[in-house]
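Shown next, in structure tokens, is the structure this report addresses.
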Amino acid sequence: MNQAFFALLKSMGDSLRDLLPIILVISFFQLFVLQQPIPNFIDILLGTFFVVLGLTFFIYGLNMSLFPIGDSMAHAFARKGSVSWLLLFAFALGFGTTVAEPALIAVSKEAAAVAASAGMIEPSATARHSYATQLRYTVAVSVGLAIVIGVLRILRGWSIHYMIMGGYLLVVVMTGFAPEEIIGIAYDSGGVTTSTITVPLVTALGVGLASSIEGRSPLVDGFGLIAFASLTPIIFVMGFGMLV
Amino acid sequence: MELLSDIAHSLYLTVYDVLPIVLIIFFFQLLVIRRRMANLQRVLVGFVYVLIGLSLFLLGLEKALFPLGRIMAEQLTSPDFILNGSEQVLRSLNWQDYYWVYIFAFAIGFSTTVAEPALIAVAIKANQVSAGTISVQGLRTAVALGVALGISLGSYRIISGIPLHYFIISGYLIVVIQTFFAPRMIVPLAYDSGGVTTSTVTVPLVTALGLGLAESVPGRNALIDGFGLIAFASLFPMITVMAYAQLAAFRAKH
């Protein structure tokens with residue numbers, strides 16, 4: 001019991017250390033640059049305590065659950081030997097975790113506002129809503145496909161270099177043709193799709209797959225799924241902007 | 001009392017968020033894999049920890065750091081602050097006048113990335129897989145430096161009004177060139193680190209900074225120019241992570 005308590009204290013200490021930079025930056029700018037007192041000091045202290053506690057729990061649970069889930073499912077699929085089920089799982093994981101992502105919902109709403117102000121769609125609320133929904137599903141499908149492509153790459157042992165470079169080339173070419181208003185949103189959409197729960201799961205899945213297939217290195221082949229998931233949305237959103 | 005309902009609400013949002021993932025995992029686990037997961041009880045307990053942890057984390061951020069950070073981003077970008085209330089009102093602003101914004105962008109990019117839970121997860125995994133060759137702190141510092149550089153450069157772009165795609169395409173070019181020279185084992189990890197940097201902590205603060213800048217700099221459109229900072233934040237870590245590995249390899253050789 002005592003030992004567990006010390007382990008908890010230690011990991012809270014780690015969390016505090018991780019958060020210290022933000023606290024320092026915000027206090028420095030508040031007190032010295034903007035020269036204003038810190039408002040609601042008690043609230044902020046309490047909030048910081050929650051953040052530290054939350055991060056501690058998250059990291060603790062990560063090693064107990066998210067990593068083992070991703071890992072054990074990867075091994076189970078590898079043993080089962082059914083590529084089609086694995087790919088279906090990969091798609092479902094990518095699509096399912098992205099479609100409800102709050103950051104994506106926020107970005108697609110803003111994108112609809114941009115499109116309306118640029119005259120690409122009617123400025124009515126219905127048109128905006130349907131534009132935002134379509135965009136959200138476009139991104140979710142693209143992330144699903146990304147995980148599928150990434151898993152196929154691990155299975156086949158393709159090199160990630162040329163695939164990502166090919167993707168970049170496509171992005172560059174499409175930037176020349178896509179409507180200017182959509183470019184910023186498209187570039188940003190690559191970054192917002194990967195959530196805090198998805199990343200550990202997907203990473204464990206990739207590393208687990210690579211380590212259960214002979215001849216694959218977990219480090220060289222196991223990573224890279226997130227990279228695909230941040231690249232395909234850019235391509236799909238620009239494509240969406242060109243079509244709509 | 002209000003606090004308890006806040007916690008409950010945050011927990012509800014997190015659970016709602018995670019529900020699709022849970023359903024997918026259950027579906028495949030029960031119908032396709034049809035094998036009991038090892039240590040099922042431990043995994044479930046761990047999952048509850050993850051949910052509680054994430055809810056408290058988000059609630060704390062929302063209570064403490066985000067409001068301040070957002071106000072700060074607004075104040076630092078407002079013309080009043082930049083002109084320092086002085087007589088220079090007639091003079092038009094140059095990009096150099098925004099120096100506090102660049103410093104803030106750098107500092108906030110670095111510090112939020114260090115606290116990003118998704119990045120901690122990837123760094124832990126990379127450390128395990130590489131048998132300790134890749135250090136958790138080293139990777140996180142490299143990524144955080146990348147985000148810091150990216151956000152400062154992105155702020156400069158909004159202020160100067162140079163089109164976004166010039167920067168992004170040049171960044172891609174650097175990534176492609178580096179890919180050929182960087183140690184092979186770091187490349188996939190470097191590509192991944194671009195995507196993981198921008199989630200819970202970084203996105204809200206960085207978005208506030210972008211919107212604040214685009215609203216206050218004359219001639220910018222908040223809707224169009226406010227976007228793009230996240231793109232910078234996901235591009236530059238690839239460059240710094242590969243550079244970190246290149247530097248380590250170079251030092252080992254000489």
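How things are named: the first chain in the structure tokens is A, the next is B, and so on; residues count from 1 in each chain; ligands count from 1 in the order shown.
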Counting only C-alpha atoms, which residues from chain B have an atom at most 7 Å from any atom of chain A, and could you show them as a compact mmCIF listing (two decimals) with all heavy atoms, in the first residue's frame?
# COMPACT_ATOMS: atom_id res chain seq x y z
N ASP B 17 -17.74 11.18 -25.82
CA ASP B 17 -16.69 11.26 -26.82
C ASP B 17 -16.07 9.91 -27.13
O ASP B 17 -15.68 9.61 -28.25
CB ASP B 17 -15.59 12.13 -26.20
CG ASP B 17 -15.19 13.21 -27.11
OD1 ASP B 17 -15.99 13.52 -27.98
OD2 ASP B 17 -14.08 13.72 -26.94
N PRO B 20 -18.02 5.88 -29.19
CA PRO B 20 -17.84 5.16 -30.46
C PRO B 20 -16.67 4.18 -30.40
O PRO B 20 -16.77 3.04 -30.88
CB PRO B 20 -17.57 6.25 -31.48
CG PRO B 20 -18.02 7.51 -30.87
CD PRO B 20 -18.01 7.34 -29.39
N ILE B 21 -15.58 4.61 -29.76
CA ILE B 21 -14.40 3.74 -29.69
C ILE B 21 -14.73 2.48 -28.89
O ILE B 21 -14.39 1.36 -29.28
CB ILE B 21 -13.21 4.47 -29.01
CG1 ILE B 21 -13.02 5.83 -29.64
CG2 ILE B 21 -11.96 3.65 -29.09
CD1 ILE B 21 -11.88 6.61 -29.07
N ILE B 24 -16.90 0.11 -30.92
CA ILE B 24 -16.15 -0.57 -31.97
C ILE B 24 -15.30 -1.70 -31.37
O ILE B 24 -15.28 -2.82 -31.87
CB ILE B 24 -15.26 0.43 -32.74
CG1 ILE B 24 -16.12 1.37 -33.56
CG2 ILE B 24 -14.28 -0.29 -33.64
CD1 ILE B 24 -15.41 2.60 -34.04
N ILE B 33 -13.10 -11.37 -32.85
CA ILE B 33 -11.95 -12.02 -32.20
C ILE B 33 -12.43 -13.18 -31.33
O ILE B 33 -11.84 -14.25 -31.31
CB ILE B 33 -11.15 -10.98 -31.39
CG1 ILE B 33 -10.54 -9.98 -32.35
CG2 ILE B 33 -10.07 -11.66 -30.57
CD1 ILE B 33 -9.79 -8.87 -31.67
N ARG B 42 -8.41 -5.74 -15.10
CA ARG B 42 -7.40 -4.69 -14.99
C ARG B 42 -7.57 -3.67 -16.10
O ARG B 42 -7.49 -2.45 -15.88
CB ARG B 42 -6.03 -5.36 -15.07
CG ARG B 42 -4.87 -4.49 -14.70
CD ARG B 42 -3.59 -5.28 -14.85
NE ARG B 42 -2.53 -4.45 -15.42
CZ ARG B 42 -1.79 -3.62 -14.69
NH1 ARG B 42 -1.97 -3.53 -13.42
NH2 ARG B 42 -0.88 -2.89 -15.28
N VAL B 43 -7.85 -4.17 -17.31
CA VAL B 43 -8.02 -3.28 -18.45
C VAL B 43 -9.22 -2.36 -18.23
O VAL B 43 -9.16 -1.15 -18.48
CB VAL B 43 -8.20 -4.10 -19.75
CG1 VAL B 43 -8.67 -3.21 -20.88
CG2 VAL B 43 -6.90 -4.78 -20.13
N LEU B 44 -10.31 -2.92 -17.72
CA LEU B 44 -11.51 -2.11 -17.49
C LEU B 44 -11.25 -1.04 -16.42
O LEU B 44 -11.63 0.12 -16.60
CB LEU B 44 -12.68 -3.00 -17.07
CG LEU B 44 -13.24 -3.86 -18.19
CD1 LEU B 44 -14.38 -4.73 -17.70
CD2 LEU B 44 -13.70 -3.01 -19.37
N GLY B 46 -8.40 0.22 -15.70
CA GLY B 46 -7.52 1.19 -16.33
C GLY B 46 -8.29 2.15 -17.22
O GLY B 46 -8.00 3.34 -17.27
N PHE B 47 -9.28 1.62 -17.92
CA PHE B 47 -10.07 2.45 -18.82
C PHE B 47 -10.85 3.50 -18.03
O PHE B 47 -10.96 4.65 -18.45
CB PHE B 47 -11.03 1.59 -19.63
CG PHE B 47 -11.46 2.24 -20.91
CD1 PHE B 47 -10.60 2.30 -21.98
CD2 PHE B 47 -12.71 2.83 -21.02
CE1 PHE B 47 -10.98 2.92 -23.15
CE2 PHE B 47 -13.09 3.46 -22.18
CZ PHE B 47 -12.23 3.50 -23.25
N TYR B 49 -9.87 4.73 -15.22
CA TYR B 49 -8.86 5.72 -14.85
C TYR B 49 -8.64 6.72 -15.97
O TYR B 49 -8.54 7.92 -15.76
CB TYR B 49 -7.50 5.05 -14.53
CG TYR B 49 -7.43 4.41 -13.17
CD1 TYR B 49 -6.51 3.40 -12.93
CD2 TYR B 49 -8.26 4.81 -12.14
CE1 TYR B 49 -6.42 2.79 -11.69
CE2 TYR B 49 -8.17 4.21 -10.90
CZ TYR B 49 -7.26 3.20 -10.68
OH TYR B 49 -7.17 2.62 -9.46
N VAL B 50 -8.56 6.18 -17.20
CA VAL B 50 -8.33 7.06 -18.35
C VAL B 50 -9.46 8.07 -18.47
O VAL B 50 -9.24 9.27 -18.66
CB VAL B 50 -8.19 6.23 -19.64
CG1 VAL B 50 -8.28 7.12 -20.85
CG2 VAL B 50 -6.87 5.48 -19.65
N ILE B 52 -11.65 9.08 -16.11
CA ILE B 52 -11.64 10.03 -15.00
C ILE B 52 -10.51 11.04 -15.19
O ILE B 52 -10.70 12.25 -15.05
CB ILE B 52 -11.46 9.30 -13.65
CG1 ILE B 52 -12.68 8.43 -13.36
CG2 ILE B 52 -11.24 10.29 -12.52
CD1 ILE B 52 -12.55 7.60 -12.11
N GLY B 53 -9.35 10.51 -15.56
CA GLY B 53 -8.19 11.38 -15.74
C GLY B 53 -8.44 12.43 -16.80
O GLY B 53 -8.22 13.62 -16.57
N LEU B 54 -8.96 12.00 -17.94
CA LEU B 54 -9.18 12.94 -19.03
C LEU B 54 -10.23 13.98 -18.65
O LEU B 54 -10.09 15.16 -18.97
CB LEU B 54 -9.60 12.17 -20.29
CG LEU B 54 -9.30 12.85 -21.60
CD1 LEU B 54 -7.83 13.17 -21.72
CD2 LEU B 54 -9.73 11.97 -22.76
N SER B 55 -11.28 13.54 -17.94
CA SER B 55 -12.33 14.50 -17.56
C SER B 55 -11.78 15.56 -16.61
O SER B 55 -12.03 16.75 -16.79
CB SER B 55 -13.50 13.81 -16.86
OG SER B 55 -13.79 12.59 -17.45
N LEU B 56 -11.05 15.11 -15.59
CA LEU B 56 -10.48 16.07 -14.64
C LEU B 56 -9.51 17.01 -15.35
O LEU B 56 -9.48 18.21 -15.11
CB LEU B 56 -9.74 15.33 -13.52
CG LEU B 56 -10.61 14.62 -12.49
CD1 LEU B 56 -9.73 13.89 -11.49
CD2 LEU B 56 -11.50 15.62 -11.77
N PHE B 57 -8.71 16.43 -16.24
CA PHE B 57 -7.73 17.20 -16.99
C PHE B 57 -8.41 18.32 -17.78
O PHE B 57 -8.04 19.48 -17.69
CB PHE B 57 -6.99 16.23 -17.92
CG PHE B 57 -5.85 16.83 -18.67
CD1 PHE B 57 -4.66 17.11 -18.03
CD2 PHE B 57 -5.94 17.08 -20.02
CE1 PHE B 57 -3.59 17.63 -18.72
CE2 PHE B 57 -4.88 17.62 -20.72
CZ PHE B 57 -3.71 17.89 -20.06
N GLY B 60 -10.05 20.92 -15.49
CA GLY B 60 -9.04 21.80 -14.91
C GLY B 60 -8.54 22.82 -15.91
O GLY B 60 -8.41 24.01 -15.60
N LEU B 61 -8.30 22.38 -17.14
CA LEU B 61 -7.85 23.30 -18.18
C LEU B 61 -8.89 24.38 -18.41
O LEU B 61 -8.59 25.57 -18.52
CB LEU B 61 -7.62 22.56 -19.49
CG LEU B 61 -6.38 21.67 -19.59
CD1 LEU B 61 -6.37 20.97 -20.93
CD2 LEU B 61 -5.12 22.50 -19.44
N LYS B 63 -11.14 25.42 -16.42
CA LYS B 63 -11.31 26.30 -15.25
C LYS B 63 -10.13 27.24 -15.08
O LYS B 63 -10.30 28.39 -14.71
CB LYS B 63 -11.42 25.45 -13.99
CG LYS B 63 -12.83 25.11 -13.59
CD LYS B 63 -12.88 24.95 -12.08
CE LYS B 63 -14.29 24.92 -11.53
NZ LYS B 63 -15.27 25.74 -12.20
N ALA B 64 -8.94 26.72 -15.34
CA ALA B 64 -7.76 27.48 -14.94
C ALA B 64 -7.03 28.11 -16.11
O ALA B 64 -6.88 29.32 -16.18
CB ALA B 64 -6.81 26.57 -14.17
N GLY B 69 -5.37 32.00 -20.82
CA GLY B 69 -4.62 31.92 -22.07
C GLY B 69 -5.34 32.66 -23.19
O GLY B 69 -4.73 33.37 -23.98
N ALA B 107 6.53 30.46 -26.51
CA ALA B 107 6.44 29.92 -25.15
C ALA B 107 5.19 29.05 -24.99
O ALA B 107 5.24 27.97 -24.41
CB ALA B 107 6.43 31.07 -24.15
N ILE B 108 4.07 29.51 -25.53
CA ILE B 108 2.84 28.77 -25.32
C ILE B 108 2.85 27.49 -26.17
O ILE B 108 2.36 26.44 -25.75
CB ILE B 108 1.59 29.65 -25.60
CG1 ILE B 108 0.40 29.17 -24.78
CG2 ILE B 108 1.18 29.65 -27.04
CD1 ILE B 108 0.40 29.62 -23.37
N SER B 111 5.17 25.05 -24.18
CA SER B 111 4.68 24.57 -22.89
C SER B 111 3.42 23.72 -23.04
O SER B 111 3.25 22.74 -22.32
CB SER B 111 4.45 25.74 -21.95
OG SER B 111 3.55 26.65 -22.51
N THR B 112 2.53 24.07 -23.98
CA THR B 112 1.34 23.23 -24.13
C THR B 112 1.70 21.87 -24.70
O THR B 112 1.10 20.87 -24.35
CB THR B 112 0.28 23.88 -25.03
OG1 THR B 112 0.88 24.24 -26.26
CG2 THR B 112 -0.35 25.08 -24.38
N VAL B 114 4.46 20.18 -24.23
CA VAL B 114 5.06 19.34 -23.18
C VAL B 114 3.97 18.68 -22.34
O VAL B 114 4.12 17.56 -21.87
CB VAL B 114 6.01 20.19 -22.31
CG1 VAL B 114 6.40 19.45 -21.06
CG2 VAL B 114 7.25 20.54 -23.09
N ALA B 115 2.83 19.36 -22.18
CA ALA B 115 1.77 18.82 -21.33
C ALA B 115 0.77 17.97 -22.11
O ALA B 115 -0.19 17.48 -21.54
CB ALA B 115 1.03 19.96 -20.65
N PRO B 117 -1.16 15.07 -23.42
CA PRO B 117 -1.17 13.65 -23.02
C PRO B 117 -0.91 12.68 -24.19
O PRO B 117 -0.23 11.68 -23.99
CB PRO B 117 -2.60 13.43 -22.49
CG PRO B 117 -3.13 14.77 -22.21
CD PRO B 117 -2.43 15.73 -23.10
N ALA B 118 -1.42 12.99 -25.37
CA ALA B 118 -1.22 12.08 -26.50
C ALA B 118 0.26 11.95 -26.84
O ALA B 118 0.75 10.86 -27.17
CB ALA B 118 -2.00 12.57 -27.73
N ALA B 121 1.98 9.73 -24.39
CA ALA B 121 1.70 8.32 -24.71
C ALA B 121 2.62 7.81 -25.81
O ALA B 121 3.23 6.74 -25.69
CB ALA B 121 0.24 8.16 -25.12
N VAL B 122 2.73 8.59 -26.89
CA VAL B 122 3.58 8.14 -28.00
C VAL B 122 5.04 8.06 -27.57
O VAL B 122 5.76 7.11 -27.93
CB VAL B 122 3.41 9.07 -29.22
CG1 VAL B 122 4.47 8.82 -30.26
CG2 VAL B 122 2.04 8.87 -29.83
N VAL B 129 9.59 0.62 -27.22
CA VAL B 129 9.89 -0.13 -28.43
C VAL B 129 11.36 -0.03 -28.81
O VAL B 129 11.96 -0.97 -29.30
CB VAL B 129 8.98 0.38 -29.57
CG1 VAL B 129 9.46 -0.12 -30.90
CG2 VAL B 129 7.55 -0.05 -29.32
N SER B 130 11.96 1.15 -28.55
CA SER B 130 13.35 1.34 -28.97
C SER B 130 14.31 0.84 -27.89
O SER B 130 15.49 1.11 -27.98
CB SER B 130 13.61 2.81 -29.26
OG SER B 130 13.54 3.54 -28.05
N ILE B 169 4.45 24.42 -48.17
CA ILE B 169 5.14 23.67 -49.22
C ILE B 169 6.65 23.67 -48.99
O ILE B 169 7.32 22.64 -49.15
CB ILE B 169 4.75 24.22 -50.62
CG1 ILE B 169 3.26 23.91 -50.86
CG2 ILE B 169 5.61 23.63 -51.72
CD1 ILE B 169 2.67 24.53 -52.09
N TYR B 172 7.31 21.12 -46.36
CA TYR B 172 7.27 19.77 -46.92
C TYR B 172 8.60 19.44 -47.59
O TYR B 172 9.13 18.34 -47.47
CB TYR B 172 6.17 19.65 -47.97
CG TYR B 172 4.79 19.48 -47.41
CD1 TYR B 172 3.67 19.57 -48.24
CD2 TYR B 172 4.58 19.21 -46.07
CE1 TYR B 172 2.39 19.41 -47.75
CE2 TYR B 172 3.30 19.05 -45.57
CZ TYR B 172 2.21 19.15 -46.41
OH TYR B 172 0.95 19.00 -45.93
N VAL B 176 11.03 16.35 -46.84
CA VAL B 176 11.40 15.35 -47.83
C VAL B 176 12.92 15.21 -47.90
O VAL B 176 13.46 14.09 -47.91
CB VAL B 176 10.81 15.73 -49.21
CG1 VAL B 176 11.42 14.90 -50.32
CG2 VAL B 176 9.31 15.56 -49.19
N MET B 185 15.29 4.68 -38.68
CA MET B 185 14.32 4.27 -37.66
C MET B 185 13.51 5.44 -37.10
O MET B 185 12.44 5.25 -36.55
CB MET B 185 15.04 3.57 -36.52
CG MET B 185 16.11 4.43 -35.88
SD MET B 185 16.16 4.19 -34.12
CE MET B 185 16.82 5.69 -33.54
N PRO B 188 9.41 7.17 -39.36
CA PRO B 188 7.97 7.02 -39.08
C PRO B 188 7.54 7.74 -37.80
O PRO B 188 6.47 8.35 -37.76
CB PRO B 188 7.79 5.51 -38.92
CG PRO B 188 8.98 4.90 -39.57
CD PRO B 188 10.09 5.88 -39.40
N LEU B 189 8.39 7.69 -36.80
CA LEU B 189 8.07 8.34 -35.54
C LEU B 189 7.99 9.86 -35.73
O LEU B 189 7.10 10.53 -35.19
CB LEU B 189 9.15 7.99 -34.51
CG LEU B 189 8.88 8.41 -33.09
CD1 LEU B 189 7.62 7.79 -32.56
CD2 LEU B 189 10.06 8.04 -32.21
N TYR B 191 7.23 11.43 -38.51
CA TYR B 191 5.99 11.71 -39.23
C TYR B 191 4.80 11.68 -38.28
O TYR B 191 3.90 12.51 -38.35
CB TYR B 191 5.74 10.68 -40.33
CG TYR B 191 6.66 10.79 -41.52
CD1 TYR B 191 6.70 9.78 -42.47
CD2 TYR B 191 7.45 11.91 -41.73
CE1 TYR B 191 7.52 9.87 -43.58
CE2 TYR B 191 8.29 12.00 -42.83
CZ TYR B 191 8.32 10.97 -43.75
OH TYR B 191 9.12 11.06 -44.84
N ASP B 192 4.80 10.72 -37.37
CA ASP B 192 3.69 10.60 -36.41
C ASP B 192 3.63 11.79 -35.48
O ASP B 192 2.56 12.26 -35.11
CB ASP B 192 3.85 9.34 -35.56
CG ASP B 192 3.09 8.18 -36.14
OD1 ASP B 192 2.54 8.34 -37.24
OD2 ASP B 192 3.05 7.11 -35.51
N GLY B 195 1.31 14.68 -36.08
CA GLY B 195 -0.13 14.58 -35.83
C GLY B 195 -0.52 14.58 -34.37
O GLY B 195 -1.60 15.02 -34.03
N VAL B 196 0.36 14.09 -33.51
CA VAL B 196 -0.05 13.93 -32.11
C VAL B 196 0.09 15.20 -31.30
O VAL B 196 -0.44 15.30 -30.21
CB VAL B 196 0.75 12.84 -31.38
CG1 VAL B 196 0.51 11.51 -32.00
CG2 VAL B 196 2.21 13.16 -31.34
N THR B 198 -1.01 18.15 -31.76
CA THR B 198 -2.10 19.10 -31.69
C THR B 198 -3.35 18.41 -31.22
O THR B 198 -4.10 17.89 -32.02
CB THR B 198 -2.32 19.72 -33.06
OG1 THR B 198 -2.28 18.66 -34.01
CG2 THR B 198 -1.27 20.73 -33.37
N SER B 199 -3.56 18.34 -29.92
CA SER B 199 -4.86 17.90 -29.46
C SER B 199 -5.32 18.73 -28.28
O SER B 199 -5.27 19.94 -28.34
CB SER B 199 -4.92 16.39 -29.23
OG SER B 199 -3.87 15.94 -28.45
N THR B 200 -5.69 18.07 -27.22
CA THR B 200 -6.44 18.70 -26.14
C THR B 200 -5.92 20.05 -25.65
O THR B 200 -6.69 20.97 -25.46
CB THR B 200 -6.46 17.77 -24.91
OG1 THR B 200 -6.01 16.50 -25.33
CG2 THR B 200 -7.83 17.65 -24.37
N LEU B 223 -11.81 34.88 -40.66
CA LEU B 223 -12.28 33.58 -41.14
C LEU B 223 -11.21 32.88 -41.97
O LEU B 223 -11.07 31.67 -41.91
CB LEU B 223 -13.54 33.76 -41.97
CG LEU B 223 -14.82 33.97 -41.16
CD1 LEU B 223 -15.98 34.23 -42.08
CD2 LEU B 223 -15.09 32.76 -40.30
N ILE B 224 -10.48 33.66 -42.75
CA ILE B 224 -9.53 33.01 -43.66
C ILE B 224 -8.13 32.94 -43.04
O ILE B 224 -7.49 31.89 -43.06
CB ILE B 224 -9.50 33.75 -45.02
CG1 ILE B 224 -10.86 33.57 -45.68
CG2 ILE B 224 -8.39 33.20 -45.90
CD1 ILE B 224 -11.05 34.38 -46.91
N PHE B 227 -7.05 30.57 -39.74
CA PHE B 227 -6.64 29.17 -39.89
C PHE B 227 -5.16 29.08 -40.23
O PHE B 227 -4.55 30.05 -40.65
CB PHE B 227 -7.44 28.51 -41.01
CG PHE B 227 -8.85 28.25 -40.66
CD1 PHE B 227 -9.86 29.09 -41.08
CD2 PHE B 227 -9.18 27.15 -39.88
CE1 PHE B 227 -11.17 28.85 -40.74
CE2 PHE B 227 -10.48 26.91 -39.54
CZ PHE B 227 -11.49 27.76 -39.97
N GLY B 228 -4.61 27.92 -40.05
CA GLY B 228 -3.25 27.71 -40.52
C GLY B 228 -2.23 27.49 -39.41
O GLY B 228 -1.20 26.88 -39.66
N ILE B 230 -2.48 25.58 -36.78
CA ILE B 230 -2.41 24.15 -36.47
C ILE B 230 -1.55 23.43 -37.50
O ILE B 230 -0.78 22.53 -37.17
CB ILE B 230 -3.82 23.52 -36.46
CG1 ILE B 230 -4.76 24.30 -35.56
CG2 ILE B 230 -3.77 22.06 -36.07
CD1 ILE B 230 -4.49 24.15 -34.10
N ALA B 231 -1.68 23.88 -38.75
CA ALA B 231 -0.88 23.26 -39.81
C ALA B 231 0.61 23.45 -39.54
O ALA B 231 1.41 22.52 -39.69
CB ALA B 231 -1.26 23.85 -41.17
N SER B 234 1.72 21.15 -36.81
CA SER B 234 1.90 19.74 -37.12
C SER B 234 3.02 19.50 -38.11
O SER B 234 3.46 18.36 -38.29
CB SER B 234 0.60 19.07 -37.61
OG SER B 234 -0.37 19.96 -37.95
Note to self: I want to know what sits within 8 Å of stretch 153-163 of chain B, based on only C-alpha atoms, with residues of the same chain fewer than 4 positions away left out; could you give that as a ChimeraX atom specification?
What the structure shows: /B:95,101-102,105,149,167,210,213-214,217,220,225-226,228-229,232
Checklist line | Close residues, A:Tyr131 itself excluded, 12 Å, only C-alpha atoms, min 2 positions apart in chain, as a PyMOL selection string | finding: chain A and resi 105+107-116+120-129+133-138+237+240-241+243-244
Check: Which of stretch 99-211 of chain A counts as alpha helix (DSSP H) under DSSP, as number ranges by chain please?
Finding: A: 99, 102-117, 125-156, 160-177, 180-192, 198-211
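Atom CA of B:Leu58 lies 23.3 Å from atom CA of A:Ala7.
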